[in-house]
file my_file_3.csv (CSV, C-alpha atoms)
chain,number,residue,atom,x,y,z
A,1,MET,CA,-20.7,-40.0,-35.8
A,2,ARG,CA,-23.4,-39.1,-33.3
A,3,PHE,CA,-21.5,-40.8,-30.6
A,4,ILE,CA,-18.4,-38.7,-31.3
A,5,ILE,CA,-20.4,-35.5,-31.3
A,6,THR,CA,-22.2,-36.5,-28.0
A,7,ALA,CA,-18.8,-37.4,-26.4
A,8,LEU,CA,-17.3,-34.0,-27.5
A,9,LEU,CA,-20.3,-32.1,-26.2
A,10,ALA,CA,-20.1,-33.9,-22.9
A,11,ALA,CA,-16.4,-33.2,-22.6
A,12,ALA,CA,-16.9,-29.5,-23.4
A,13,VAL,CA,-19.6,-29.3,-20.6
A,14,VAL,CA,-17.3,-30.9,-18.1
A,15,MET,CA,-14.3,-28.6,-19.0
A,16,ALA,CA,-16.5,-25.5,-18.9
A,17,THR,CA,-17.9,-26.3,-15.4
A,18,PRO,CA,-16.3,-24.0,-12.9
A,19,THR,CA,-14.4,-25.5,-10.0
A,20,LYS,CA,-14.5,-24.4,-6.4
A,21,THR,CA,-11.7,-22.4,-5.0
A,22,PRO,CA,-10.8,-22.9,-1.3
A,23,GLU,CA,-12.2,-20.1,0.9
A,24,ASP,CA,-8.8,-19.2,2.2
A,25,SER,CA,-7.0,-18.8,-1.1
A,26,PRO,CA,-7.3,-15.7,-3.3
A,27,SER,CA,-8.5,-16.2,-6.8
A,28,LYS,CA,-5.9,-16.0,-9.5
A,29,ILE,CA,-8.5,-14.5,-11.8
A,30,GLY,CA,-9.1,-10.8,-11.7
A,31,LYS,CA,-7.1,-7.7,-12.0
A,32,ARG,CA,-5.0,-6.2,-9.3
A,33,ALA,CA,-5.8,-2.6,-8.5
A,34,ILE,CA,-3.3,0.2,-8.1
A,35,HIS,CA,-3.9,2.7,-5.3
A,36,THR,CA,-2.1,6.1,-5.3
A,37,VAL,CA,-1.2,7.8,-2.1
A,38,TRP,CA,0.5,11.3,-2.2
A,39,VAL,CA,3.2,11.8,0.3
A,40,GLY,CA,3.8,15.3,1.7
A,41,LYS,CA,3.3,17.0,5.0
A,42,LEU,CA,0.2,14.8,5.1
A,43,PHE,CA,-0.9,11.7,3.2
A,44,SER,CA,-3.7,12.0,0.6
A,45,PRO,CA,-5.7,9.9,0.9
A,46,ASP,CA,-4.8,8.9,4.5
A,47,GLN,CA,-6.6,5.5,4.2
A,48,VAL,CA,-6.9,3.0,1.4
A,49,GLN,CA,-8.9,-0.3,1.2
A,50,ALA,CA,-6.9,-2.8,-0.8
A,51,ASN,CA,-7.2,-6.4,-1.7
A,52,ILE,CA,-4.6,-9.1,-1.7
A,53,GLY,CA,-2.3,-8.6,-4.7
A,54,ASP,CA,-3.2,-4.9,-5.1
A,55,GLU,CA,-0.4,-2.4,-5.1
A,56,VAL,CA,-0.2,0.9,-3.2
A,57,GLU,CA,2.0,3.5,-5.0
A,58,PHE,CA,3.4,6.2,-2.8
A,59,HIS,CA,4.1,9.3,-4.9
A,60,PHE,CA,6.3,12.0,-3.3
A,61,LEU,CA,5.5,15.7,-3.5
A,62,PRO,CA,8.2,18.5,-3.5
A,63,GLY,CA,10.2,18.5,-0.3
A,64,VAL,CA,11.8,15.7,1.8
A,65,PHE,CA,9.4,13.0,2.9
A,66,SER,CA,9.3,9.3,3.6
A,67,VAL,CA,6.9,6.5,4.2
A,68,VAL,CA,7.5,4.1,7.1
A,69,GLU,CA,5.4,1.2,8.4
A,70,SER,CA,4.6,1.1,12.1
A,71,SER,CA,2.0,-0.6,14.4
A,72,TYR,CA,-1.2,0.9,15.6
A,73,THR,CA,0.0,0.9,19.2
A,74,ASN,CA,3.4,2.4,18.4
A,75,PRO,CA,2.9,5.2,15.9
A,76,CYS,CA,5.9,7.1,14.5
A,77,HIS,CA,8.2,4.1,15.2
A,78,TRP,CA,9.3,1.6,12.6
A,79,ASN,CA,8.0,-2.0,13.1
A,80,GLY,CA,10.5,-3.6,10.7
A,81,GLY,CA,8.0,-3.5,7.8
A,82,PHE,CA,8.2,-1.4,4.6
A,83,VAL,CA,10.2,1.9,4.5
A,84,SER,CA,11.1,4.2,1.6
A,85,THR,CA,13.8,6.2,3.3
A,86,ASN,CA,13.9,10.0,2.7
A,87,VAL,CA,12.9,11.1,-0.7
A,88,LEU,CA,14.0,14.5,-1.9
A,89,THR,CA,11.8,16.1,-4.6
A,90,ASN,CA,12.8,19.4,-6.1
A,91,THR,CA,10.4,22.3,-5.7
A,92,ASP,CA,10.3,22.9,-9.4
A,93,LYS,CA,8.7,19.4,-10.0
A,94,ARG,CA,5.1,18.4,-9.4
A,95,GLU,CA,6.2,15.0,-8.0
A,96,ASN,CA,9.3,12.8,-7.8
A,97,SER,CA,10.2,10.8,-10.9
A,98,PHE,CA,10.0,7.6,-8.8
A,99,ALA,CA,7.3,6.1,-6.6
A,100,PHE,CA,7.6,3.5,-3.8
A,101,VAL,CA,5.3,0.5,-4.3
A,102,VAL,CA,4.0,-1.9,-1.7
A,103,THR,CA,2.2,-5.0,-2.8
A,104,ILE,CA,-0.6,-6.1,-0.4
A,105,GLN,CA,0.1,-9.6,0.9
A,106,ASP,CA,-2.9,-10.1,3.2
A,107,ASP,CA,-6.0,-8.2,4.4
A,108,GLU,CA,-4.5,-7.2,7.8
A,109,PRO,CA,-4.3,-3.4,8.5
A,110,LEU,CA,-1.0,-1.7,7.6
A,111,TRP,CA,-0.3,1.5,9.5
A,112,PHE,CA,2.3,4.0,8.1
A,113,TYR,CA,3.7,7.5,8.8
A,114,ASN,CA,6.0,10.1,7.3
A,115,GLY,CA,9.3,9.7,9.1
A,116,ALA,CA,11.0,12.8,7.8
A,117,SER,CA,11.3,15.8,10.1
A,118,ASP,CA,8.4,16.1,12.6
A,119,TYR,CA,5.7,15.2,10.1
A,120,CYS,CA,4.4,12.1,12.0
A,121,MET,CA,3.9,14.0,15.2
A,122,ASN,CA,2.1,16.7,13.2
A,123,GLY,CA,-0.4,14.1,11.8
A,124,ALA,CA,1.3,12.7,8.7
A,125,VAL,CA,-0.1,9.1,9.2
A,126,GLY,CA,-2.3,6.7,7.3
A,127,ALA,CA,-3.4,3.1,6.9
A,128,ILE,CA,-4.1,0.4,4.4
A,129,ASN,CA,-7.2,-1.7,5.3
A,130,SER,CA,-7.9,0.2,8.6
A,131,PRO,CA,-10.9,-1.5,10.4
A,132,GLU,CA,-12.3,2.0,11.2
A,133,ASP,CA,-14.1,0.7,14.3
A,134,ARG,CA,-14.3,1.8,17.9
A,135,ASP,CA,-11.0,0.1,18.8
A,136,LYS,CA,-8.9,1.1,15.8
A,137,SER,CA,-9.2,3.9,13.2
A,138,VAL,CA,-7.0,6.3,11.3
A,139,PHE,CA,-8.2,9.1,13.6
A,140,GLY,CA,-7.2,7.1,16.7
A,141,TYR,CA,-3.8,6.4,15.1
A,142,TYR,CA,-3.5,10.2,14.3
A,143,ARG,CA,-4.3,11.2,17.9
A,144,ALA,CA,-1.7,8.7,19.2
A,145,ALA,CA,0.9,10.0,16.8
A,146,LYS,CA,0.4,13.6,18.0
A,147,THR,CA,1.6,12.5,21.5
A,148,GLU,CA,4.9,11.1,20.3
A,149,GLU,CA,8.1,13.1,20.9
A,150,TYR,CA,10.1,11.8,17.9
A,151,SER,CA,9.8,9.4,14.9
A,152,ASP,CA,12.1,6.7,13.5
A,153,ASN,CA,13.2,7.2,9.9
A,154,PRO,CA,15.3,4.2,8.8
A,155,SER,CA,18.0,4.9,6.2
A,156,GLU,CA,17.7,1.7,4.1
A,157,PRO,CA,14.6,1.0,1.9
A,158,LYS,CA,12.8,-2.2,2.7
A,159,GLY,CA,9.6,-4.1,1.8
A,160,GLY,CA,8.7,-2.4,-1.4
A,161,ARG,CA,10.1,-1.5,-4.8
A,162,TRP,CA,10.8,1.7,-6.8
A,163,ILE,CA,9.2,2.4,-10.1
A,164,LEU,CA,9.8,5.1,-12.6
A,165,THR,CA,6.7,7.3,-13.0
A,166,GLU,CA,7.9,9.5,-15.8
A,167,LYS,CA,10.4,9.5,-18.6
A,168,LEU,CA,13.7,11.0,-17.6
A,169,THR,CA,15.3,13.5,-20.0
A,170,HIS,CA,18.9,14.3,-20.3

call {"tool": "encode", "arguments": {"input": "my_file_3.csv", "output": "structure tokens"}}
result
Amino acid sequence: MRFIITALLAAAVVMATPTKTPEDSPSKIGKRAIHTVWVGKLFSPDQVQANIGDEVEFHFLPGVFSVVESSYTNPCHWNGGFVSTNVLTNTDKRENSFAFVVTIQDDEPLWFYNGASDYCMNGAVGAINSPEDRDKSVFGYYRAAKTEEYSDNPSEPKGGRWILTEKLTH
């Protein structure tokens, strides 16, 4: 009987011992975070720090706005990444009933802008995981965007998904 109890205790200790995870693979344990960014004539906040697996929800304020991914060196121009397309939100609503969600796949910086109208050239830019150093920062991206003459605003959504943020009534 003692042998069985000892064997069971030893097995329990072995099973309870944590195993190492390779440095380059994210842990499957832990909760993903949801970061909210408000999209209007500017982004609020204009920078988000997000982990792999986190989601960034873009919520659209009244007016016509979009969110488009670009590169740091080519602001206001689509790089083939995520794009919401134009979103019209009536002025009698606080926000649109839908949000555009981007899931973070790695820890590389993602630069984005508002492609509607001339908002990008007027400073409607932001970043996810901006390094904020001497070489790259949201402010540097903003300054570069202010020198652009036009912005791309693709007409097909890509690289994200839409979620309902409120119950629709008939």

call {"tool": "atom_distance", "arguments": {"input": "my_file_3.csv", "atom1": "atom CA of Pro75 of chain A", "atom2": "atom CA of Asp106 of chain A"}}
result
20.7 Å

call {"tool": "closest_residue", "arguments": {"input": "my_file_3.csv", "among": "A:Val101, A:Val87, A:Val67, A:Ile163", "to": "Asp46 of chain A", "atoms": "only C-alpha atoms"}}
result
A:Val67

call {"tool": "closest_residue", "arguments": {"input": "my_file_3.csv", "among": "A:Thr103, A:Val125, A:Val83, A:Val64", "to": "Ile34 of chain A", "atoms": "all atoms listed in the file"}}
result
A:Thr103

call {"tool": "atom_distance", "arguments": {"input": "my_file_3.csv", "atom1": "atom CA of Glu149 of chain A", "atom2": "atom CA of Thr73 of chain A"}}
result
14.7 Å

call {"tool": "closest_residue", "arguments": {"input": "my_file_3.csv", "among": "A:Phe82, A:Gln47, A:Ile52, A:Gly126", "to": "Lys31 of chain A", "atoms": "all atoms listed in the file"}}
result
A:Ile52

call {"tool": "residues_near_point", "arguments": {"input": "my_file_3.csv", "point": "(11.2, -6.1, 6.8)", "cutoff": "10 Å", "atoms": "all atoms listed in the file", "output": "PyMOL selection string"}}
result
chain A and resi 69+78-83+157-160

call {"tool": "write_last_selection", "arguments": {"input": "my_file_3.csv", "atoms": "C-alpha atoms", "output": "mmCIF file, in the frame of the given file"}}
result
data_model
loop_
_atom_site.group_PDB
_atom_site.id
_atom_site.type_symbol
_atom_site.label_atom_id
_atom_site.label_comp_id
_atom_site.auth_asym_id
_atom_site.auth_seq_id
_atom_site.Cartn_x
_atom_site.Cartn_y
_atom_site.Cartn_z
ATOM 1 C CA GLU A 69 5.400 1.200 8.400
ATOM 2 C CA TRP A 78 9.300 1.600 12.600
ATOM 3 C CA ASN A 79 8.000 -2.000 13.100
ATOM 4 C CA GLY A 80 10.500 -3.600 10.700
ATOM 5 C CA GLY A 81 8.000 -3.500 7.800
ATOM 6 C CA PHE A 82 8.200 -1.400 4.600
ATOM 7 C CA VAL A 83 10.200 1.900 4.500
ATOM 8 C CA PRO A 157 14.600 1.000 1.900
ATOM 9 C CA LYS A 158 12.800 -2.200 2.700
ATOM 10 C CA GLY A 159 9.600 -4.100 1.800
ATOM 11 C CA GLY A 160 8.700 -2.400 -1.400
#

call {"tool": "residues_around", "arguments": {"input": "my_file_3.csv", "residues": "Phe58 of chain A", "least_positions_apart": "6", "cutoff": "10 Å", "atoms": "only C-alpha atoms", "output": "PDB file with C-alpha atoms, in the frame of the given file"}}
result
ATOM      1  CA  HIS A  35      -3.900   2.700  -5.300  1.00  0.00           C
ATOM      2  CA  THR A  36      -2.100   6.100  -5.300  1.00  0.00           C
ATOM      3  CA  VAL A  37      -1.200   7.800  -2.100  1.00  0.00           C
ATOM      4  CA  TRP A  38       0.500  11.300  -2.200  1.00  0.00           C
ATOM      5  CA  VAL A  39       3.200  11.800   0.300  1.00  0.00           C
ATOM      6  CA  PHE A  43      -0.900  11.700   3.200  1.00  0.00           C
ATOM      7  CA  SER A  44      -3.700  12.000   0.600  1.00  0.00           C
ATOM      8  CA  SER A  66       9.300   9.300   3.600  1.00  0.00           C
ATOM      9  CA  VAL A  67       6.900   6.500   4.200  1.00  0.00           C
ATOM     10  CA  SER A  84      11.100   4.200   1.600  1.00  0.00           C
ATOM     11  CA  PHE A  98      10.000   7.600  -8.800  1.00  0.00           C
ATOM     12  CA  ALA A  99       7.300   6.100  -6.600  1.00  0.00           C
ATOM     13  CA  PHE A 100       7.600   3.500  -3.800  1.00  0.00           C
ATOM     14  CA  VAL A 101       5.300   0.500  -4.300  1.00  0.00           C
ATOM     15  CA  VAL A 102       4.000  -1.900  -1.700  1.00  0.00           C
ATOM     16  CA  TRP A 162      10.800   1.700  -6.800  1.00  0.00           C
TER      17      TRP A 162
END

call {"tool": "closest_residue", "arguments": {"input": "my_file_3.csv", "among": "A:Cys76, A:Gly123, A:Phe60, A:Pro45", "to": "Tyr150 of chain A", "atoms": "only C-alpha atoms"}}
result
A:Cys76

call {"tool": "atom_distance", "arguments": {"input": "my_file_3.csv", "atom1": "atom CA of Leu42 of chain A", "atom2": "atom CA of Asn129 of chain A"}}
result
18.1 Å

call {"tool": "closest_residue", "arguments": {"input": "my_file_3.csv", "among": "A:Thr89, A:Gln49, A:Ser130, A:Asn114", "to": "Asp152 of chain A", "atoms": "all atoms listed in the file"}}
result
A:Asn114

call {"tool": "residues_near_point", "arguments": {"input": "my_file_3.csv", "point": "(2.1, -2.8, 12.4)", "cutoff": "7 Å", "atoms": "only C-alpha atoms", "output": "list in words"}}
result
Glu69, Ser70, Ser71, Tyr72, Asn79, Leu110 and Trp111 of chain A

call {"tool": "closest_residue", "arguments": {"input": "my_file_3.csv", "among": "A:Leu61, A:Asn86, A:Ala144, A:Asn74", "to": "Gly115 of chain A", "atoms": "all atoms listed in the file"}}
result
A:Asn86

call {"tool": "residues_around", "arguments": {"input": "my_file_3.csv", "residues": "Met121 of chain A", "least_positions_apart": "5", "cutoff": "6 Å", "atoms": "only C-alpha atoms", "output": "PyMOL selection string"}}
result
chain A and resi 145-146+148
